[in-house]
Amino acid sequence: MEYLAIFLIAYGVILILGFILQFPFLYNNMKSKAMIKMMGKRNFNLLLLFIATVMIAIGIIIMP
């Protein structure tokens, strides 16, 4: 379980960095463009932050 916890925390950190630095691979792929078109860029950014915080929280909770 510790590997899963480390992976979840790292994934959450990568999402937060992608949000802050506006990585092109998070915003320019087809699925992201469709989601941005449906919900708007502000809500897409909020979704990224929400997913990142949930991943980090789960990773911390299951850490031995």
# chains A, B, ... in the order shown; residues from 1 in each chain; ligands from 1
$ residues_around --residues "region 2-17 of chain A" --least-positions-apart "2" --cutoff "6 Å" --atoms "only C-alpha atoms" --output "number ranges by chain"
A: 19-21, 52, 55-56, 59, 63
$ write_last_selection --atoms "C-alpha atoms" --output "compact mmCIF listing (two decimals), in the first residue's frame"
# COMPACT_ATOMS: atom_id res chain seq x y z
CA PHE A 19 -2.32 23.73 -12.91
CA ILE A 20 0.17 26.34 -11.68
CA LEU A 21 2.54 26.11 -14.67
CA ALA A 52 -5.24 16.76 -6.85
CA MET A 55 -5.37 12.16 -4.46
CA ILE A 56 -2.98 13.72 -1.93
CA GLY A 59 -2.28 9.03 -0.29
CA MET A 63 0.36 5.85 4.17
$ select_by_dssp --residues "region 11-43 of chain A" --states "helix (DSSP H, G or I)" --output "VMD selection string"
chain A and resid 11 to 21 24 to 27 30 to 39 41 to 43
$ atom_distance --atom1 "CA of Met1 (chain A)" --atom2 "CA of Pro64 (chain A)"
7.7 Å
$ residues_around --residues "region 23-27 of chain A" --least-positions-apart "6" --cutoff "10 Å" --atoms "only C-alpha atoms" --output "JSON, numbers by chain"
{"A": [14, 15, 17, 33, 34, 35, 36, 41, 44, 45, 48]}
$ write_last_selection --atoms "C-alpha atoms" --output "short mmCIF file (atom, residue, chain, number, x, y, z; two decimals), in the first residue's frame"
data_model
loop_
_atom_site.label_atom_id
_atom_site.label_comp_id
_atom_site.auth_asym_id
_atom_site.auth_seq_id
_atom_site.Cartn_x
_atom_site.Cartn_y
_atom_site.Cartn_z
CA ILE A 14 1.99 16.73 -10.66
CA LEU A 15 -1.61 17.90 -11.14
CA LEU A 17 2.20 21.78 -10.79
CA LYS A 33 -10.49 20.59 -24.78
CA ALA A 34 -13.92 18.94 -24.77
CA MET A 35 -14.22 19.30 -20.99
CA ILE A 36 -13.07 22.93 -21.13
CA LYS A 41 -11.65 26.89 -18.10
CA PHE A 44 -11.79 22.77 -15.34
CA ASN A 45 -9.06 24.30 -13.19
CA LEU A 48 -7.94 19.69 -11.43
#
$ atom_distance --atom1 "CA of Met39 (chain A)" --atom2 "CA of Ile51 (chain A)"
15.6 Å
$ decode --residues "region 7-40 of chain A" --atoms "N, CA, C and O atoms" --output "PDB file, in the first residue's frame"
ATOM      1  N   PHE A   7       2.459   6.917  -5.066  1.00  0.00           N
ATOM      2  CA  PHE A   7       1.980   7.231  -6.403  1.00  0.00           C
ATOM      3  C   PHE A   7       0.868   8.280  -6.360  1.00  0.00           C
ATOM      4  O   PHE A   7       0.863   9.225  -7.154  1.00  0.00           O
ATOM      5  N   LEU A   8      -0.088   8.129  -5.448  1.00  0.00           N
ATOM      6  CA  LEU A   8      -1.207   9.078  -5.359  1.00  0.00           C
ATOM      7  C   LEU A   8      -0.726  10.467  -4.973  1.00  0.00           C
ATOM      8  O   LEU A   8      -1.187  11.471  -5.526  1.00  0.00           O
ATOM      9  N   ILE A   9       0.209  10.526  -4.035  1.00  0.00           N
ATOM     10  CA  ILE A   9       0.743  11.825  -3.625  1.00  0.00           C
ATOM     11  C   ILE A   9       1.502  12.472  -4.779  1.00  0.00           C
ATOM     12  O   ILE A   9       1.339  13.659  -5.061  1.00  0.00           O
ATOM     13  N   ALA A  10       2.323  11.682  -5.484  1.00  0.00           N
ATOM     14  CA  ALA A  10       3.083  12.217  -6.619  1.00  0.00           C
ATOM     15  C   ALA A  10       2.138  12.679  -7.726  1.00  0.00           C
ATOM     16  O   ALA A  10       2.365  13.733  -8.347  1.00  0.00           O
ATOM     17  N   TYR A  11       1.082  11.919  -7.985  1.00  0.00           N
ATOM     18  CA  TYR A  11       0.115  12.298  -9.017  1.00  0.00           C
ATOM     19  C   TYR A  11      -0.582  13.608  -8.656  1.00  0.00           C
ATOM     20  O   TYR A  11      -0.783  14.483  -9.499  1.00  0.00           O
ATOM     21  N   GLY A  12      -0.947  13.753  -7.396  1.00  0.00           N
ATOM     22  CA  GLY A  12      -1.572  14.991  -6.941  1.00  0.00           C
ATOM     23  C   GLY A  12      -0.649  16.188  -7.082  1.00  0.00           C
ATOM     24  O   GLY A  12      -1.057  17.265  -7.506  1.00  0.00           O
ATOM     25  N   VAL A  13       0.628  15.992  -6.746  1.00  0.00           N
ATOM     26  CA  VAL A  13       1.600  17.081  -6.876  1.00  0.00           C
ATOM     27  C   VAL A  13       1.794  17.455  -8.347  1.00  0.00           C
ATOM     28  O   VAL A  13       1.878  18.638  -8.689  1.00  0.00           O
ATOM     29  N   ILE A  14       1.844  16.456  -9.228  1.00  0.00           N
ATOM     30  CA  ILE A  14       1.990  16.730 -10.660  1.00  0.00           C
ATOM     31  C   ILE A  14       0.779  17.503 -11.187  1.00  0.00           C
ATOM     32  O   ILE A  14       0.921  18.423 -11.998  1.00  0.00           O
ATOM     33  N   LEU A  15      -0.411  17.155 -10.720  1.00  0.00           N
ATOM     34  CA  LEU A  15      -1.605  17.902 -11.142  1.00  0.00           C
ATOM     35  C   LEU A  15      -1.562  19.355 -10.673  1.00  0.00           C
ATOM     36  O   LEU A  15      -1.919  20.267 -11.415  1.00  0.00           O
ATOM     37  N   ILE A  16      -1.118  19.562  -9.446  1.00  0.00           N
ATOM     38  CA  ILE A  16      -1.028  20.934  -8.938  1.00  0.00           C
ATOM     39  C   ILE A  16       0.016  21.723  -9.712  1.00  0.00           C
ATOM     40  O   ILE A  16      -0.204  22.876 -10.074  1.00  0.00           O
ATOM     41  N   LEU A  17       1.173  21.099  -9.988  1.00  0.00           N
ATOM     42  CA  LEU A  17       2.196  21.778 -10.788  1.00  0.00           C
ATOM     43  C   LEU A  17       1.687  22.072 -12.192  1.00  0.00           C
ATOM     44  O   LEU A  17       1.969  23.139 -12.754  1.00  0.00           O
ATOM     45  N   GLY A  18       0.941  21.137 -12.773  1.00  0.00           N
ATOM     46  CA  GLY A  18       0.369  21.358 -14.093  1.00  0.00           C
ATOM     47  C   GLY A  18      -0.626  22.494 -14.102  1.00  0.00           C
ATOM     48  O   GLY A  18      -0.707  23.262 -15.062  1.00  0.00           O
ATOM     49  N   PHE A  19      -1.374  22.622 -13.026  1.00  0.00           N
ATOM     50  CA  PHE A  19      -2.319  23.728 -12.906  1.00  0.00           C
ATOM     51  C   PHE A  19      -1.586  25.065 -12.767  1.00  0.00           C
ATOM     52  O   PHE A  19      -1.919  26.041 -13.434  1.00  0.00           O
ATOM     53  N   ILE A  20      -0.564  25.093 -11.925  1.00  0.00           N
ATOM     54  CA  ILE A  20       0.165  26.341 -11.684  1.00  0.00           C
ATOM     55  C   ILE A  20       0.967  26.764 -12.913  1.00  0.00           C
ATOM     56  O   ILE A  20       0.951  27.922 -13.313  1.00  0.00           O
ATOM     57  N   LEU A  21       1.668  25.800 -13.537  1.00  0.00           N
ATOM     58  CA  LEU A  21       2.537  26.114 -14.671  1.00  0.00           C
ATOM     59  C   LEU A  21       1.829  26.013 -16.020  1.00  0.00           C
ATOM     60  O   LEU A  21       2.457  26.277 -17.051  1.00  0.00           O
ATOM     61  N   GLN A  22       0.558  25.608 -16.023  1.00  0.00           N
ATOM     62  CA  GLN A  22      -0.249  25.496 -17.246  1.00  0.00           C
ATOM     63  C   GLN A  22       0.430  24.613 -18.297  1.00  0.00           C
ATOM     64  O   GLN A  22       0.672  25.030 -19.424  1.00  0.00           O
ATOM     65  N   PHE A  23       0.746  23.368 -17.891  1.00  0.00           N
ATOM     66  CA  PHE A  23       1.376  22.432 -18.816  1.00  0.00           C
ATOM     67  C   PHE A  23       0.488  22.227 -20.040  1.00  0.00           C
ATOM     68  O   PHE A  23      -0.714  22.003 -19.904  1.00  0.00           O
ATOM     69  N   PRO A  24       1.056  22.258 -21.244  1.00  0.00           N
ATOM     70  CA  PRO A  24       0.239  22.107 -22.455  1.00  0.00           C
ATOM     71  C   PRO A  24      -0.441  20.741 -22.554  1.00  0.00           C
ATOM     72  O   PRO A  24      -1.546  20.649 -23.081  1.00  0.00           O
ATOM     73  N   PHE A  25       0.194  19.676 -22.053  1.00  0.00           N
ATOM     74  CA  PHE A  25      -0.419  18.355 -22.183  1.00  0.00           C
ATOM     75  C   PHE A  25      -1.663  18.201 -21.314  1.00  0.00           C
ATOM     76  O   PHE A  25      -2.463  17.298 -21.542  1.00  0.00           O
ATOM     77  N   LEU A  26      -1.861  19.082 -20.353  1.00  0.00           N
ATOM     78  CA  LEU A  26      -3.089  19.037 -19.565  1.00  0.00           C
ATOM     79  C   LEU A  26      -4.235  19.807 -20.222  1.00  0.00           C
ATOM     80  O   LEU A  26      -5.397  19.550 -19.937  1.00  0.00           O
ATOM     81  N   TYR A  27      -3.895  20.748 -21.075  1.00  0.00           N
ATOM     82  CA  TYR A  27      -4.917  21.625 -21.632  1.00  0.00           C
ATOM     83  C   TYR A  27      -5.143  21.439 -23.132  1.00  0.00           C
ATOM     84  O   TYR A  27      -6.158  21.867 -23.645  1.00  0.00           O
ATOM     85  N   ASN A  28      -4.208  20.832 -23.856  1.00  0.00           N
ATOM     86  CA  ASN A  28      -4.311  20.776 -25.314  1.00  0.00           C
ATOM     87  C   ASN A  28      -4.715  19.419 -25.869  1.00  0.00           C
ATOM     88  O   ASN A  28      -4.770  19.267 -27.087  1.00  0.00           O
ATOM     89  N   ASN A  29      -4.955  18.418 -25.027  1.00  0.00           N
ATOM     90  CA  ASN A  29      -5.411  17.149 -25.593  1.00  0.00           C
ATOM     91  C   ASN A  29      -6.921  17.193 -25.834  1.00  0.00           C
ATOM     92  O   ASN A  29      -7.621  18.076 -25.356  1.00  0.00           O
ATOM     93  N   MET A  30      -7.405  16.254 -26.612  1.00  0.00           N
ATOM     94  CA  MET A  30      -8.801  16.293 -27.073  1.00  0.00           C
ATOM     95  C   MET A  30      -9.811  16.211 -25.921  1.00  0.00           C
ATOM     96  O   MET A  30     -10.809  16.929 -25.913  1.00  0.00           O
ATOM     97  N   LYS A  31      -9.544  15.343 -24.946  1.00  0.00           N
ATOM     98  CA  LYS A  31     -10.489  15.203 -23.833  1.00  0.00           C
ATOM     99  C   LYS A  31     -10.548  16.478 -22.995  1.00  0.00           C
ATOM    100  O   LYS A  31     -11.629  16.902 -22.582  1.00  0.00           O
ATOM    101  N   SER A  32      -9.396  17.067 -22.749  1.00  0.00           N
ATOM    102  CA  SER A  32      -9.376  18.302 -21.963  1.00  0.00           C
ATOM    103  C   SER A  32     -10.063  19.431 -22.701  1.00  0.00           C
ATOM    104  O   SER A  32     -10.796  20.220 -22.094  1.00  0.00           O
ATOM    105  N   LYS A  33      -9.832  19.533 -24.001  1.00  0.00           N
ATOM    106  CA  LYS A  33     -10.494  20.586 -24.778  1.00  0.00           C
ATOM    107  C   LYS A  33     -12.007  20.420 -24.749  1.00  0.00           C
ATOM    108  O   LYS A  33     -12.744  21.405 -24.647  1.00  0.00           O
ATOM    109  N   ALA A  34     -12.481  19.180 -24.827  1.00  0.00           N
ATOM    110  CA  ALA A  34     -13.922  18.940 -24.765  1.00  0.00           C
ATOM    111  C   ALA A  34     -14.485  19.309 -23.393  1.00  0.00           C
ATOM    112  O   ALA A  34     -15.554  19.913 -23.301  1.00  0.00           O
ATOM    113  N   MET A  35     -13.753  18.959 -22.336  1.00  0.00           N
ATOM    114  CA  MET A  35     -14.219  19.303 -20.991  1.00  0.00           C
ATOM    115  C   MET A  35     -14.190  20.810 -20.770  1.00  0.00           C
ATOM    116  O   MET A  35     -15.099  21.368 -20.146  1.00  0.00           O
ATOM    117  N   ILE A  36     -13.147  21.484 -21.266  1.00  0.00           N
ATOM    118  CA  ILE A  36     -13.071  22.935 -21.131  1.00  0.00           C
ATOM    119  C   ILE A  36     -14.215  23.599 -21.895  1.00  0.00           C
ATOM    120  O   ILE A  36     -14.817  24.566 -21.417  1.00  0.00           O
ATOM    121  N   LYS A  37     -14.543  23.047 -23.055  1.00  0.00           N
ATOM    122  CA  LYS A  37     -15.651  23.601 -23.840  1.00  0.00           C
ATOM    123  C   LYS A  37     -16.983  23.417 -23.109  1.00  0.00           C
ATOM    124  O   LYS A  37     -17.845  24.299 -23.144  1.00  0.00           O
ATOM    125  N   MET A  38     -17.149  22.277 -22.427  1.00  0.00           N
ATOM    126  CA  MET A  38     -18.401  22.005 -21.727  1.00  0.00           C
ATOM    127  C   MET A  38     -18.526  22.806 -20.430  1.00  0.00           C
ATOM    128  O   MET A  38     -19.590  23.343 -20.141  1.00  0.00           O
ATOM    129  N   MET A  39     -17.451  22.871 -19.647  1.00  0.00           N
ATOM    130  CA  MET A  39     -17.568  23.446 -18.310  1.00  0.00           C
ATOM    131  C   MET A  39     -16.837  24.773 -18.124  1.00  0.00           C
ATOM    132  O   MET A  39     -16.992  25.401 -17.091  1.00  0.00           O
ATOM    133  N   GLY A  40     -16.042  25.170 -19.077  1.00  0.00           N
ATOM    134  CA  GLY A  40     -15.293  26.419 -18.947  1.00  0.00           C
ATOM    135  C   GLY A  40     -13.930  26.171 -18.321  1.00  0.00           C
ATOM    136  O   GLY A  40     -13.724  25.203 -17.602  1.00  0.00           O
TER     137      GLY A  40
END
